[in-house]
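J.: Here it is, the structure in full.
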Amino acid sequence: MALMVGAMTIHGIVPGPQVMTKQPDLFWGIDRLDVARQPDAIVINLPLVGIWVKLLQVPYRLLYPSILVFWLHRRLLHQQLAL
């Protein structure tokens, strides 16, 4: 979303609800792309439903710390690569 706002600003388009009236071609183009992208997302995510259901069965006391450790590891790795 931030990329779209930035791109619109660079091209002199003020992001907001008036894009529908001032730039209808842009608005409907973005809308059509979003509709076209939905079947792809469904096809990609349907096989993953079982994984998400199993993940929800993990107790919170185990899931929350593991997410924090994973995030911290990725954050520290990212900082080391940036140096």
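Letters for chains follow the order of the structure tokens (A, B, ...), residue numbers begin at 1 for each chain, and ligand numbers begin at 1 in the order shown.
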Contacts of region 12-29 of chain A at 12 Å or less, counting only C-alpha atoms, minus same-chain residues fewer than 6 places along, as a ChimeraX atom specification?

T.: /A:1-6,35-36

J.: Take the selection from the previous step and output its residues with all heavy atoms, as a short mmCIF file (atom, residue, chain, number, x, y, z; two decimals), in the first residue's frame.

T.:
data_model
loop_
_atom_site.label_atom_id
_atom_site.label_comp_id
_atom_site.auth_asym_id
_atom_site.auth_seq_id
_atom_site.Cartn_x
_atom_site.Cartn_y
_atom_site.Cartn_z
N MET A 1 0.82 -1.19 0.00
CA MET A 1 0.00 0.00 0.00
C MET A 1 0.87 1.26 0.00
O MET A 1 0.58 2.19 -0.72
CB MET A 1 -0.93 -0.04 1.22
CG MET A 1 -1.92 1.07 1.20
SD MET A 1 -2.94 1.00 -0.25
CE MET A 1 -4.52 0.99 0.44
N ALA A 2 1.93 1.25 0.77
CA ALA A 2 2.81 2.42 0.83
C ALA A 2 3.47 2.65 -0.53
O ALA A 2 3.67 3.81 -0.93
CB ALA A 2 3.86 2.24 1.91
N LEU A 3 3.80 1.57 -1.22
CA LEU A 3 4.39 1.72 -2.56
C LEU A 3 3.42 2.38 -3.52
O LEU A 3 3.80 3.22 -4.34
CB LEU A 3 4.80 0.36 -3.11
CG LEU A 3 6.12 -0.19 -2.61
CD1 LEU A 3 6.32 -1.62 -3.09
CD2 LEU A 3 7.26 0.67 -3.09
N MET A 4 2.16 2.00 -3.43
CA MET A 4 1.16 2.59 -4.31
C MET A 4 0.96 4.07 -4.00
O MET A 4 0.85 4.89 -4.91
CB MET A 4 -0.16 1.84 -4.20
CG MET A 4 -0.09 0.46 -4.80
SD MET A 4 -1.64 -0.42 -4.74
CE MET A 4 -2.59 0.54 -5.89
N VAL A 5 0.93 4.41 -2.72
CA VAL A 5 0.79 5.81 -2.34
C VAL A 5 1.99 6.61 -2.83
O VAL A 5 1.85 7.70 -3.37
CB VAL A 5 0.60 5.95 -0.81
CG1 VAL A 5 0.70 7.39 -0.37
CG2 VAL A 5 -0.71 5.34 -0.38
N GLY A 6 3.19 6.06 -2.66
CA GLY A 6 4.39 6.73 -3.13
C GLY A 6 4.40 6.90 -4.64
O GLY A 6 4.74 7.96 -5.17
N VAL A 35 -8.93 -8.02 -8.38
CA VAL A 35 -9.86 -9.12 -8.63
C VAL A 35 -9.14 -10.26 -9.35
O VAL A 35 -9.35 -11.43 -9.05
CB VAL A 35 -11.07 -8.63 -9.45
CG1 VAL A 35 -11.91 -9.79 -9.96
CG2 VAL A 35 -11.92 -7.69 -8.61
N ALA A 36 -8.25 -9.93 -10.29
CA ALA A 36 -7.52 -10.96 -11.02
C ALA A 36 -6.53 -11.69 -10.13
O ALA A 36 -6.21 -12.85 -10.37
CB ALA A 36 -6.79 -10.32 -12.20
#

J.: Enter the distance from CA of Asn45 (chain A) to CA of Ile30 (chain A), in Å, rounded to one decimal.

T.: 22.0 Å

J.: Rounded to one decimal in Å, what is the spacing between CA of Leu56 (chain A) and CA of His78 (chain A)?

T.: 27.8 Å

J.: Can you list, as a PyMOL selection string, every residue of chain A that DSSP puts in helix (DSSP H, G or I)?

T.: chain A and resi 2-10+19-22+24-56+60-82

J.: Could you please determine the separation between CA of Leu48 (chain A) and CA of Leu72 (chain A) in Å, to one decimal place?

T.: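 Here the two named atoms are 24.8 Å from each other.
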